[in-house]
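Q: Quick one: the structure is below, and I'll ask about it shortly.
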Amino acid sequence: MKRIFYGFCLALISSVLCKVASVGAETNFPTFSDVAKDAGITLMNMHGGAAKDYIVEANGNGAAFFDYNKDGKLDVLIVNGSTLEHYKNGGDPLVALYRNDGDRFTDVTASAGLQTRGWGMGVCVADYDNDGYSDFYVTAYGPNALFHNNGDGTFSDVTSAARVGDTHWSTGCAFGDYDRDGDVDLYVANYVAFSEKTVAARGKSNLCRYMGADVFCGPIGLIGEADVLYRNNGNGTFTDVTLAAGIKDPNYYGFAVVFNDFDNDGWPDIYVANDSQPNLLFRNKRNGTFEEVGLVSGTALSESGRAQSGMGVATGDYDGNGYLDIFVTNFAGDTNTLYKNLGNMLFVDSTVAAGLGEIALPYLGWGTSLSDLDNDGWLDIFVANGHVYPQVDSLNVGQRYLQRKELYRNLGDGKFQEIARDVSADFLIGKSARGSAIGDYDNDGDLDILTVNLNDRPSLYRNDGGNGKHWIAFKLEGTRSNRDAIGARVEIEAGGRKQISEVRSGGNYLSQDDMRIHFGLGEARRVDRVRIRWPNGNIEELGNFEADRYVTIREGGK
Amino acid sequence: MRKQGKSRRRATRAMLLLLVISCASPIHFAAFQTSLASALEELNKGNVFEGINKLKLTLRETPQPQAYFYLSGIYTRMGRYDMAFRYLSSALQDNPSQAAYYDQLGLIRRYEGCRVEAMAAFNQALKLGMKNEEATLWRHIGDTHVDLLELDTAIDAFRNALRLRPEDAGTHLALGRIYLDRNDPATALAELRTALEIAPAVDGFHAALGRAYRATGDSESAIAILTKGIERDPADQESRYILAQTLLAVGRLKEGRQVLDDYQQLQERITQTNTRFEAGVERAEAGDLAEAEKMLQEALKLAPRYAPALQTLGTVLLDRANVEPALELFRQSLAVNPLNSETYFNMGAAYLRLGNLNEALEMTQKALVIDDEDARHYTQLAEIYSRLSKADQSRSALQKATELTSRPRDRQRERYRSEARRRDDTATVQQICSGPPSP
């Protein structure tokens, strides 16, 4: 159904699209079409004025793919910002919730009781109270908010009762069960202390310039805000344990955060991408505390020891060595960075060697994923781009405000090839994209991509043809572990190859990917073995699954 | 920032080389007036302050485009691009067909971040013909293409530079870096080895070569060259970080962690110094001079030769009426940076408070040698002359001050913030690394 056939293409679609479809076919990679408008996802993003006079207007929003009504289909939540003018009067709608009705999405924000206003930034999803329904946390410029899923299609704002209403300017967030006690804890990345009263507007300070043009001030020169770790008390409330848990964030400008087990010891570690400052990697010491090992592990800086401008984070085992690698998106004029995990908490910057260097220089990356978009069993890289300075357009310096997407195909030998031009005309349309979420919203076995575009409507890139190869996906349900099984490690063996993945909340850029674990299987028609390490450390071995289906696995069950 | 600082230094070296060439040429030398030659001699001896002074005296006698041009080069080096541009504009007005002036204009524009305008100026220089200095111009063009992310054209420009001057280590280094970033470590290695043969002491060379060796899988050579780099320049944090990562990757964990510890300690000192310095400036601006003094003292404990902290603490002490200790700090600041007009101005103010009018006059005049566009300098001069009972000179200075204040571009100097503005990270690292912290 999703294939674009030549005849149809020649008749109805422009020659450009035809070319894309045909080249996509030649490269044997699926094609992507922006179907957001037809699908009914049309929220106009509000995030400051066009000139971007202040930094708060530039960083944009994220989105989530999650199944809030448990009907087996991914719904969409999009976080919205505001403007300085509107914010003085309470701001704009914080989120928009779209219910997936199969053929279309329906805006159910109002009926779901989600009419809160403010200046939203990002979102992360988890069933924090293990009642079987997915809740979500929204970060904001201003107070953050935790929304409890009432199980009847509505949500309640429980921020105050849960004691997670951080009032700093928060950006990324992620849930993870760092103490393996069966409920998910919450990490909130904070950015800078910003006030219109204390930060000079664009053009009012000769220090705030980019290549000679007046631009907004910051983040360099502004005071950073420290991140926060909340422990889930198991009774609907959380406790700020940042200091007790050893989360020593030197007030870096935090953006994206993700819980993952990077050293394969069964305990979730935390990685934080920071803007203009070193990234942080907190190794879980298995006693409720963490040790910051970013520098020692090689994940804090670039290959030459330079702090970059970390925006988004993707994790995944791109080279199939059994360890989760880290990909961080960065500022224009710099490369994104691929940290290859060598084991023993040692990483090496493999950006250039992997073919991800020079080609990315003109782009300013945000949302990103390491996911198998063509189901060949190797993780590809998607990057949503967009500059922060509209003024860059007048400079003629090889960078544009509205930028295209990047799509890197994993060649399976440690290298990537950029193929966006070959697989999607819509990827080439300039947008100021920010957060992105990856998920199979139409349940056809291939991964689709949702992006939030600054001061614009969102894009929903439908994957057409990704299911030409085999695949399998798992929905895990914790019983003794947290209900969403966040942190569970799944290892499969199929076609003679092993692959790993983890159930993950947060990551990307201010966004939440589909929590179901998806594996491309290439030509393999079945999975020979499945090994699940649940978040509490219990291991289950299962075997013999037919390919091309979603499988729900309950902890301790069949 | 570090890279920018290095290119600035390289540009300055090229500039001074140009001066040497000009002086060495008998034909040119004969054409210069004696005073101009004398100024150039001072510059070539490294007496930049005296060189500026003599160039300005020369200009008072007979305005010459060459003198404006040299002044422009010096102010570019000092990071005072506004003044550099002003002098260059005068040079261009007198001689609009001199290619070297457009090359200089390109440099100023590039350092200001205006890369497109820089490229236009370089192209104009190319059109007019740079003769013996065309290789330098191509190098500048290549650097600007790198800034603009146009790496293919950058390579072409660097190749042009090397065709004209094959022995330019800096250009080989620039090419090596591009090839490294293009995942062509073998070609990078060839370029960097050539650079090594030509000039083993080029800045940034060891880190780049270490990266290249590492990328080709020759970890032992990488470790050797990076270790050499750190021995040569203990402030070379880039080499230190790459060395640590290389050691860790080959399993020499203990050594790798030790090097990383060193790296981290130095980074920590830099961060702490900056944090305390910033906090000191902030407290001073808020009027809490006691706390500002404390913060700045702490910064200086970590980095005793950190000129911005020396200068700002001196200003704070002066404002707290601790004149003698302030003077001592200004002297130390001048020892590190003898071209800071703010320090001379403050020393003048300190001597004025002590009633040492001759010293006050000397220092204020020195401030004016460096910066004759700051109204405060003339106001202070007027006061000194007044107390020396030189009414005419006082009136004249005051008039000049008023004239400058009324100019649209005159901006009120920020008393404590000026050093924070002036500071760049290269200077921070070098000055912090240049000595151990105080006990």
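Chain labels A, B, ... are given in the sequence in which chains occur in the structure tokens; within each chain residues are numbered consecutively from 1, and ligands are likewise numbered from 1 in the order shown.
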Find the spatial neighbours of Phe474 of chain A, counting only C-alpha atoms, within a cut-off of 12 Å - ignore same-chain residues fewer than 6 positions away - and output them as an mmCIF file with N, CA and C atoms, in the first residue's frame.
A:
data_model
loop_
_atom_site.group_PDB
_atom_site.id
_atom_site.type_symbol
_atom_site.label_atom_id
_atom_site.label_comp_id
_atom_site.auth_asym_id
_atom_site.auth_seq_id
_atom_site.Cartn_x
_atom_site.Cartn_y
_atom_site.Cartn_z
ATOM 1 N N GLY A 445 5.546 -2.557 10.185
ATOM 2 C CA GLY A 445 6.843 -3.221 10.328
ATOM 3 C C GLY A 445 8.042 -2.384 9.955
ATOM 4 N N ASP A 484 6.692 -0.643 32.001
ATOM 5 C CA ASP A 484 7.103 -0.433 30.614
ATOM 6 C C ASP A 484 8.386 -1.171 30.258
ATOM 7 N N ALA A 485 8.970 -1.817 31.270
ATOM 8 C CA ALA A 485 10.241 -2.542 31.075
ATOM 9 C C ALA A 485 11.343 -1.620 30.568
ATOM 10 N N ALA A 488 15.069 -2.677 29.892
ATOM 11 C CA ALA A 488 15.230 -4.090 29.531
ATOM 12 C C ALA A 488 16.133 -4.197 28.305
ATOM 13 N N ARG A 489 17.028 -5.138 28.328
ATOM 14 C CA ARG A 489 17.930 -5.377 27.196
ATOM 15 C C ARG A 489 17.445 -6.608 26.442
ATOM 16 N N VAL A 490 17.243 -6.472 25.169
ATOM 17 C CA VAL A 490 16.828 -7.604 24.346
ATOM 18 C C VAL A 490 17.954 -7.947 23.384
ATOM 19 N N GLU A 491 18.304 -9.222 23.361
ATOM 20 C CA GLU A 491 19.315 -9.693 22.416
ATOM 21 C C GLU A 491 18.673 -10.761 21.550
ATOM 22 N N ILE A 492 18.802 -10.632 20.268
ATOM 23 C CA ILE A 492 18.218 -11.655 19.393
ATOM 24 C C ILE A 492 19.311 -12.282 18.529
ATOM 25 N N SER A 501 19.227 -4.372 21.744
ATOM 26 C CA SER A 501 18.561 -3.079 21.882
ATOM 27 C C SER A 501 18.004 -2.982 23.303
ATOM 28 N N GLU A 502 17.606 -1.788 23.660
ATOM 29 C CA GLU A 502 17.042 -1.584 25.001
ATOM 30 C C GLU A 502 15.755 -0.780 24.922
ATOM 31 N N VAL A 503 14.856 -1.052 25.854
ATOM 32 C CA VAL A 503 13.658 -0.218 25.974
ATOM 33 C C VAL A 503 14.109 1.102 26.597
ATOM 34 N N ASP A 514 9.079 5.451 19.988
ATOM 35 C CA ASP A 514 8.277 4.255 20.256
ATOM 36 C C ASP A 514 9.084 3.331 21.189
ATOM 37 N N MET A 515 8.468 2.920 22.308
ATOM 38 C CA MET A 515 9.217 2.091 23.259
ATOM 39 C C MET A 515 9.263 0.616 22.868
ATOM 40 N N ARG A 516 8.510 0.243 21.854
ATOM 41 C CA ARG A 516 8.594 -1.136 21.390
ATOM 42 C C ARG A 516 9.960 -1.337 20.733
ATOM 43 N N ILE A 517 10.518 -2.515 20.940
ATOM 44 C CA ILE A 517 11.864 -2.753 20.407
ATOM 45 C C ILE A 517 11.763 -3.382 19.032
ATOM 46 N N HIS A 518 12.362 -2.720 18.074
ATOM 47 C CA HIS A 518 12.240 -3.124 16.673
ATOM 48 C C HIS A 518 13.598 -3.619 16.152
ATOM 49 N N PHE A 519 13.578 -4.757 15.487
ATOM 50 C CA PHE A 519 14.794 -5.270 14.848
ATOM 51 C C PHE A 519 14.516 -5.531 13.369
ATOM 52 N N GLY A 520 15.386 -5.061 12.505
ATOM 53 C CA GLY A 520 15.350 -5.488 11.111
ATOM 54 C C GLY A 520 16.064 -6.828 11.024
ATOM 55 N N VAL A 527 13.407 -15.648 14.004
ATOM 56 C CA VAL A 527 14.390 -15.335 15.040
ATOM 57 C C VAL A 527 14.649 -16.628 15.810
ATOM 58 N N VAL A 530 15.832 -15.448 21.542
ATOM 59 C CA VAL A 530 15.623 -14.124 22.142
ATOM 60 C C VAL A 530 16.053 -14.212 23.600
ATOM 61 N N ARG A 531 16.868 -13.292 23.995
ATOM 62 C CA ARG A 531 17.316 -13.253 25.396
ATOM 63 C C ARG A 531 16.911 -11.888 25.946
ATOM 64 N N ILE A 532 16.166 -11.924 27.031
ATOM 65 C CA ILE A 532 15.740 -10.656 27.633
ATOM 66 C C ILE A 532 16.354 -10.531 29.017
ATOM 67 N N PHE A 545 10.868 -17.396 16.976
ATOM 68 C CA PHE A 545 9.755 -16.497 16.641
ATOM 69 C C PHE A 545 9.706 -16.306 15.126
ATOM 70 N N ALA A 547 9.172 -14.216 11.857
ATOM 71 C CA ALA A 547 9.444 -12.801 11.581
ATOM 72 C C ALA A 547 8.165 -12.055 11.223
ATOM 73 N N ASP A 548 8.322 -10.751 11.070
ATOM 74 C CA ASP A 548 7.274 -9.868 10.554
ATOM 75 C C ASP A 548 6.054 -9.774 11.456
ATOM 76 N N ARG A 549 6.282 -9.634 12.716
ATOM 77 C CA ARG A 549 5.158 -9.493 13.639
ATOM 78 C C ARG A 549 5.575 -8.757 14.923
ATOM 79 N N TYR A 550 4.569 -8.223 15.559
ATOM 80 C CA TYR A 550 4.762 -7.651 16.902
ATOM 81 C C TYR A 550 4.519 -8.745 17.919
ATOM 82 N N VAL A 551 5.391 -8.858 18.896
ATOM 83 C CA VAL A 551 5.277 -9.885 19.922
ATOM 84 C C VAL A 551 5.248 -9.195 21.279
ATOM 85 N N THR A 552 4.247 -9.494 22.070
ATOM 86 C CA THR A 552 4.210 -8.949 23.429
ATOM 87 C C THR A 552 4.753 -9.993 24.392
ATOM 88 N N ILE A 553 5.693 -9.599 25.203
ATOM 89 C CA ILE A 553 6.290 -10.535 26.164
ATOM 90 C C ILE A 553 6.135 -9.966 27.565
ATOM 91 N N ARG A 554 5.519 -10.782 28.401
ATOM 92 C CA ARG A 554 5.332 -10.406 29.796
ATOM 93 C C ARG A 554 6.433 -11.001 30.648
#
Q: When the cut-off is 8 Å and we count only C-alpha atoms, which residues of chain B are near chain A, given as a PyMOL selection string?
A: chain B and resi 112-116+148-150+181-183+207+211+237-239+241-242+245+248-249+257+260
Q: Would you kindly return, as a list in words, each protein, DNA or RNA residue with an atom no farther than 7 Å from any atom of segment 369-378 of chain B, considering only C-alpha atoms and excluding same-chain residues fewer than 5 positions away?
A: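 Near segment 369-378 of chain B, the qualifying residues are Asn53, Leu339, Ser341, Phe345, Thr364, Ala397, Leu398, Lys400, Ala401, Leu404 and Thr405 of chain B.
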Q: I'd like the neighbourhood of Arg504 of chain A as an MDAnalysis selection string, where a residue qualifies if any of its atoms comes within 12 Å (using only C-alpha atoms), though same-chain residues fewer than 2 positions away should be ignored.
A: chainID A and resid 124:126 173:177 184 257:261 268:270 314:316 438 475:476 484:490 501:502 506:508 511:518 535
Q: Mind giving me the straight-line distance from atom CA of Gly151 of chain A to atom CA of Gly557 of chain A in Å, one decimal?
A: 23.6 Å
Q: Based on DSSP run over this structure's backbone, return all residues of segment 19-248 of chain A in alpha helix (DSSP H), as a list in words.
A: Lys19, Val20, Ala21, Ser22, Val23, Gly24, Ala25, Glu26, Ala36, Lys37, Asp38, Ala39, Leu84, Glu85, His86, Tyr87, Thr159, Ser160, Ala161 and Ala162 of chain A
Q: Print the selection's residues with all heavy atoms to a file, as a short mmCIF file (atom, residue, chain, number, x, y, z; two decimals), in the first residue's frame.
A:
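The result, written out as selection_20.cif:
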data_model
loop_
_atom_site.label_atom_id
_atom_site.label_comp_id
_atom_site.auth_asym_id
_atom_site.auth_seq_id
_atom_site.Cartn_x
_atom_site.Cartn_y
_atom_site.Cartn_z
N LYS A 19 11.89 10.68 -9.54
CA LYS A 19 13.31 10.38 -9.51
C LYS A 19 13.70 9.82 -8.15
O LYS A 19 14.41 8.84 -8.04
CB LYS A 19 14.09 11.66 -9.81
CG LYS A 19 15.55 11.40 -10.08
CD LYS A 19 16.27 12.66 -10.37
CE LYS A 19 17.78 12.36 -10.47
NZ LYS A 19 18.56 13.54 -10.32
N VAL A 20 13.16 10.46 -7.12
CA VAL A 20 13.47 10.00 -5.77
C VAL A 20 13.03 8.57 -5.57
O VAL A 20 13.75 7.72 -5.07
CB VAL A 20 12.82 10.93 -4.73
CG1 VAL A 20 12.82 10.29 -3.37
CG2 VAL A 20 13.53 12.26 -4.70
N ALA A 21 11.79 8.29 -6.03
CA ALA A 21 11.27 6.95 -5.84
C ALA A 21 12.12 5.93 -6.58
O ALA A 21 12.45 4.88 -6.06
CB ALA A 21 9.83 6.88 -6.32
N SER A 22 12.52 6.30 -7.79
CA SER A 22 13.26 5.33 -8.57
C SER A 22 14.66 5.12 -7.99
O SER A 22 15.11 4.00 -7.89
CB SER A 22 13.33 5.76 -10.03
OG SER A 22 14.36 6.69 -10.22
N VAL A 23 15.29 6.24 -7.58
CA VAL A 23 16.63 6.07 -7.01
C VAL A 23 16.55 5.31 -5.71
O VAL A 23 17.36 4.45 -5.42
CB VAL A 23 17.31 7.45 -6.81
CG1 VAL A 23 18.67 7.28 -6.17
CG2 VAL A 23 17.44 8.15 -8.13
N GLY A 24 15.51 5.62 -4.93
CA GLY A 24 15.31 4.87 -3.69
C GLY A 24 15.23 3.39 -3.97
O GLY A 24 15.81 2.57 -3.26
N ALA A 25 14.54 3.06 -5.05
CA ALA A 25 14.42 1.66 -5.40
C ALA A 25 15.77 1.09 -5.80
O ALA A 25 16.14 -0.01 -5.42
CB ALA A 25 13.42 1.51 -6.54
N GLU A 26 16.55 1.91 -6.53
CA GLU A 26 17.88 1.44 -6.95
C GLU A 26 18.78 1.17 -5.76
O GLU A 26 19.57 0.23 -5.76
CB GLU A 26 18.54 2.50 -7.85
CG GLU A 26 18.06 2.45 -9.29
CD GLU A 26 18.47 3.69 -10.05
OE1 GLU A 26 19.40 4.38 -9.63
OE2 GLU A 26 17.81 3.98 -11.07
N ALA A 36 2.08 14.35 7.11
CA ALA A 36 1.53 14.93 8.34
C ALA A 36 0.17 15.59 8.11
O ALA A 36 -0.78 15.38 8.86
CB ALA A 36 2.52 15.94 8.93
N LYS A 37 0.10 16.37 7.03
CA LYS A 37 -1.13 17.12 6.78
C LYS A 37 -2.29 16.16 6.52
O LYS A 37 -3.37 16.28 7.12
CB LYS A 37 -0.92 18.05 5.58
CG LYS A 37 -2.03 19.04 5.38
CD LYS A 37 -1.72 19.96 4.21
CE LYS A 37 -2.95 20.77 3.87
NZ LYS A 37 -2.82 21.41 2.56
N ASP A 38 -2.07 15.19 5.65
CA ASP A 38 -3.12 14.23 5.33
C ASP A 38 -3.50 13.40 6.55
O ASP A 38 -4.65 12.97 6.70
CB ASP A 38 -2.68 13.30 4.20
CG ASP A 38 -2.58 14.05 2.88
OD1 ASP A 38 -3.15 15.16 2.81
OD2 ASP A 38 -1.92 13.55 1.96
N ALA A 39 -2.51 13.16 7.40
CA ALA A 39 -2.78 12.34 8.58
C ALA A 39 -3.47 13.14 9.68
O ALA A 39 -3.92 12.58 10.68
CB ALA A 39 -1.48 11.75 9.11
N LEU A 84 7.40 35.39 23.92
CA LEU A 84 7.62 36.19 25.13
C LEU A 84 6.37 36.99 25.46
O LEU A 84 6.02 37.16 26.64
CB LEU A 84 8.84 37.10 24.93
CG LEU A 84 10.18 36.35 24.96
CD1 LEU A 84 11.28 37.19 24.35
CD2 LEU A 84 10.53 35.94 26.38
N GLU A 85 5.70 37.46 24.43
CA GLU A 85 4.48 38.25 24.62
C GLU A 85 3.38 37.39 25.25
O GLU A 85 2.78 37.75 26.27
CB GLU A 85 4.03 38.79 23.25
CG GLU A 85 3.03 39.91 23.32
CD GLU A 85 3.57 41.12 24.06
OE1 GLU A 85 4.78 41.38 24.00
OE2 GLU A 85 2.76 41.79 24.73
N HIS A 86 3.13 36.23 24.64
CA HIS A 86 2.08 35.35 25.15
C HIS A 86 2.41 34.83 26.55
O HIS A 86 1.52 34.61 27.37
CB HIS A 86 1.90 34.13 24.21
CG HIS A 86 1.35 34.50 22.87
ND1 HIS A 86 1.02 33.57 21.92
CD2 HIS A 86 1.07 35.71 22.32
CE1 HIS A 86 0.57 34.18 20.84
NE2 HIS A 86 0.59 35.48 21.07
N TYR A 87 3.71 34.60 26.76
CA TYR A 87 4.10 33.97 28.03
C TYR A 87 3.77 34.87 29.22
O TYR A 87 3.50 34.38 30.32
CB TYR A 87 5.60 33.66 28.00
CG TYR A 87 6.03 32.75 29.12
CD1 TYR A 87 5.53 31.45 29.24
CD2 TYR A 87 6.93 33.18 30.09
CE1 TYR A 87 5.92 30.61 30.27
CE2 TYR A 87 7.32 32.35 31.13
CZ TYR A 87 6.82 31.08 31.21
OH TYR A 87 7.19 30.25 32.25
N THR A 159 1.75 17.13 38.93
CA THR A 159 3.10 17.65 39.18
C THR A 159 3.34 17.95 40.65
O THR A 159 4.35 17.53 41.23
CB THR A 159 3.30 18.96 38.38
OG1 THR A 159 2.80 18.77 37.07
CG2 THR A 159 4.75 19.36 38.34
N SER A 160 2.41 18.67 41.20
CA SER A 160 2.61 19.13 42.56
C SER A 160 2.62 17.95 43.54
O SER A 160 3.52 17.84 44.39
CB SER A 160 1.49 20.13 42.88
OG SER A 160 1.59 20.52 44.19
N ALA A 161 1.64 17.06 43.40
CA ALA A 161 1.57 15.89 44.29
C ALA A 161 2.80 15.01 44.14
O ALA A 161 3.31 14.44 45.12
CB ALA A 161 0.30 15.10 44.00
N ALA A 162 3.30 14.90 42.91
CA ALA A 162 4.45 14.03 42.67
C ALA A 162 5.77 14.71 43.01
O ALA A 162 6.81 14.07 43.07
CB ALA A 162 4.46 13.59 41.21
#
Q: Could you tell me how far atom CA of Asn251 of chain A lies from atom CA of Thr275 of chain B, in Å and to one decimal?
A: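 Separation between atom CA of Asn251 of chain A and atom CA of Thr275 of chain B: 11.8 Å.
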Q: Quick one: everything within 9 Å of Glu167 of chain B, counting only C-alpha atoms, minus sequence neighbours fewer than 4 positions away in the same chain. Send it as a ChimeraX atom specification.
A: /B:162,171-172,194-195,198-199
Q: Print the selection's residues with C-alpha atoms to a file, as a compact mmCIF listing (two decimals), in the first residue's frame.
A:
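Just written: result-v9.txt:
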# COMPACT_ATOMS: atom_id res chain seq x y z
CA LEU B 162 52.65 25.78 -1.77
CA THR B 171 50.26 25.58 4.88
CA HIS B 172 51.29 21.92 4.97
CA THR B 194 56.67 17.56 5.40
CA ALA B 195 55.66 20.25 7.87
CA ILE B 198 60.45 22.16 7.51
CA ALA B 199 59.66 23.50 10.97
Q: Rounded to one decimal, what separation in Å do you get between atom CA of Ala437 of chain A and atom CA of Leu43 of chain A?
A: 15.6 Å
Q: Show me, as a list of chain:residue names, the residues that have an atom within 8 Å of Tyr252 of chain A when counting only C-alpha atoms, minus same-chain residues fewer than 3 positions from it.
A: A:Tyr191, A:Gly224, A:Glu225, A:Ala226, A:Asp249, A:Asn274, A:Asp275, A:Gln277, A:Pro278
Q: Could you take the residues named above and write them with all heavy atoms, as an mmCIF file, in the first residue's frame?
A:
data_model
loop_
_atom_site.group_PDB
_atom_site.id
_atom_site.type_symbol
_atom_site.label_atom_id
_atom_site.label_comp_id
_atom_site.auth_asym_id
_atom_site.auth_seq_id
_atom_site.Cartn_x
_atom_site.Cartn_y
_atom_site.Cartn_z
ATOM 1 N N TYR A 191 18.891 23.817 31.390
ATOM 2 C CA TYR A 191 19.685 24.561 30.400
ATOM 3 C C TYR A 191 20.335 25.790 31.037
ATOM 4 O O TYR A 191 21.344 25.648 31.709
ATOM 5 C CB TYR A 191 18.756 24.901 29.222
ATOM 6 C CG TYR A 191 19.466 25.351 27.979
ATOM 7 C CD1 TYR A 191 20.477 24.575 27.408
ATOM 8 C CD2 TYR A 191 19.114 26.533 27.342
ATOM 9 C CE1 TYR A 191 21.121 24.987 26.253
ATOM 10 C CE2 TYR A 191 19.741 26.943 26.177
ATOM 11 C CZ TYR A 191 20.747 26.171 25.644
ATOM 12 O OH TYR A 191 21.381 26.582 24.496
ATOM 13 N N GLY A 224 24.555 28.553 33.622
ATOM 14 C CA GLY A 224 23.919 27.254 33.403
ATOM 15 C C GLY A 224 23.139 26.807 34.619
ATOM 16 O O GLY A 224 23.359 27.287 35.732
ATOM 17 N N GLU A 225 22.213 25.884 34.378
ATOM 18 C CA GLU A 225 21.404 25.324 35.471
ATOM 19 C C GLU A 225 21.731 23.837 35.619
ATOM 20 O O GLU A 225 21.834 23.120 34.621
ATOM 21 C CB GLU A 225 19.910 25.475 35.162
ATOM 22 C CG GLU A 225 19.448 26.925 35.072
ATOM 23 C CD GLU A 225 19.185 27.558 36.429
ATOM 24 O OE1 GLU A 225 19.706 27.058 37.444
ATOM 25 O OE2 GLU A 225 18.466 28.572 36.465
ATOM 26 N N ALA A 226 21.847 23.386 36.840
ATOM 27 C CA ALA A 226 22.213 21.989 37.079
ATOM 28 C C ALA A 226 21.030 21.055 36.818
ATOM 29 O O ALA A 226 19.871 21.423 37.038
ATOM 30 C CB ALA A 226 22.694 21.824 38.517
ATOM 31 N N ASP A 249 26.570 17.709 38.105
ATOM 32 C CA ASP A 249 26.535 18.472 36.847
ATOM 33 C C ASP A 249 27.035 19.871 37.171
ATOM 34 O O ASP A 249 26.394 20.603 37.914
ATOM 35 C CB ASP A 249 25.088 18.521 36.311
ATOM 36 C CG ASP A 249 24.922 19.546 35.196
ATOM 37 O OD1 ASP A 249 25.941 19.930 34.590
ATOM 38 O OD2 ASP A 249 23.771 19.937 34.929
ATOM 39 N N ASN A 274 25.429 18.073 26.364
ATOM 40 C CA ASN A 274 25.397 19.468 26.810
ATOM 41 C C ASN A 274 25.777 20.412 25.679
ATOM 42 O O ASN A 274 26.676 20.127 24.890
ATOM 43 C CB ASN A 274 26.362 19.670 27.978
ATOM 44 C CG ASN A 274 25.903 18.946 29.223
ATOM 45 O OD1 ASN A 274 24.786 19.137 29.674
ATOM 46 N ND2 ASN A 274 26.757 18.090 29.768
ATOM 47 N N ASP A 275 25.128 21.530 25.656
ATOM 48 C CA ASP A 275 25.389 22.542 24.636
ATOM 49 C C ASP A 275 26.651 23.325 25.005
ATOM 50 O O ASP A 275 26.732 23.874 26.113
ATOM 51 C CB ASP A 275 24.169 23.488 24.571
ATOM 52 C CG ASP A 275 24.231 24.449 23.402
ATOM 53 O OD1 ASP A 275 25.201 24.381 22.628
ATOM 54 O OD2 ASP A 275 23.293 25.258 23.256
ATOM 55 N N GLN A 277 29.425 22.670 26.016
ATOM 56 C CA GLN A 277 30.236 22.211 27.143
ATOM 57 C C GLN A 277 30.395 20.692 27.066
ATOM 58 O O GLN A 277 29.684 20.041 26.308
ATOM 59 C CB GLN A 277 29.574 22.620 28.455
ATOM 60 C CG GLN A 277 29.752 24.102 28.715
ATOM 61 C CD GLN A 277 28.831 24.654 29.767
ATOM 62 O OE1 GLN A 277 27.701 24.207 29.892
ATOM 63 N NE2 GLN A 277 29.299 25.635 30.482
ATOM 64 N N PRO A 278 31.315 20.125 27.850
ATOM 65 C CA PRO A 278 31.514 18.674 27.753
ATOM 66 C C PRO A 278 30.235 17.899 28.066
ATOM 67 O O PRO A 278 29.440 18.311 28.915
ATOM 68 C CB PRO A 278 32.581 18.400 28.822
ATOM 69 C CG PRO A 278 33.282 19.684 29.021
ATOM 70 C CD PRO A 278 32.252 20.753 28.801
#
Q: Can you pull out every residue within 8 Å of Leu310 of chain B, counting only C-alpha atoms, but drop anything in the same chain fewer than 4 positions away, and send it as a ChimeraX atom specification?
A: /B:300,305-306,314,329-330,332-333
Q: Nearest to Ile326 of chain A among A:Tyr271, A:Asp422, A:Asn284, A:Trp534, with distances taken over only C-alpha atoms: which residue is it?
A: A:Tyr271
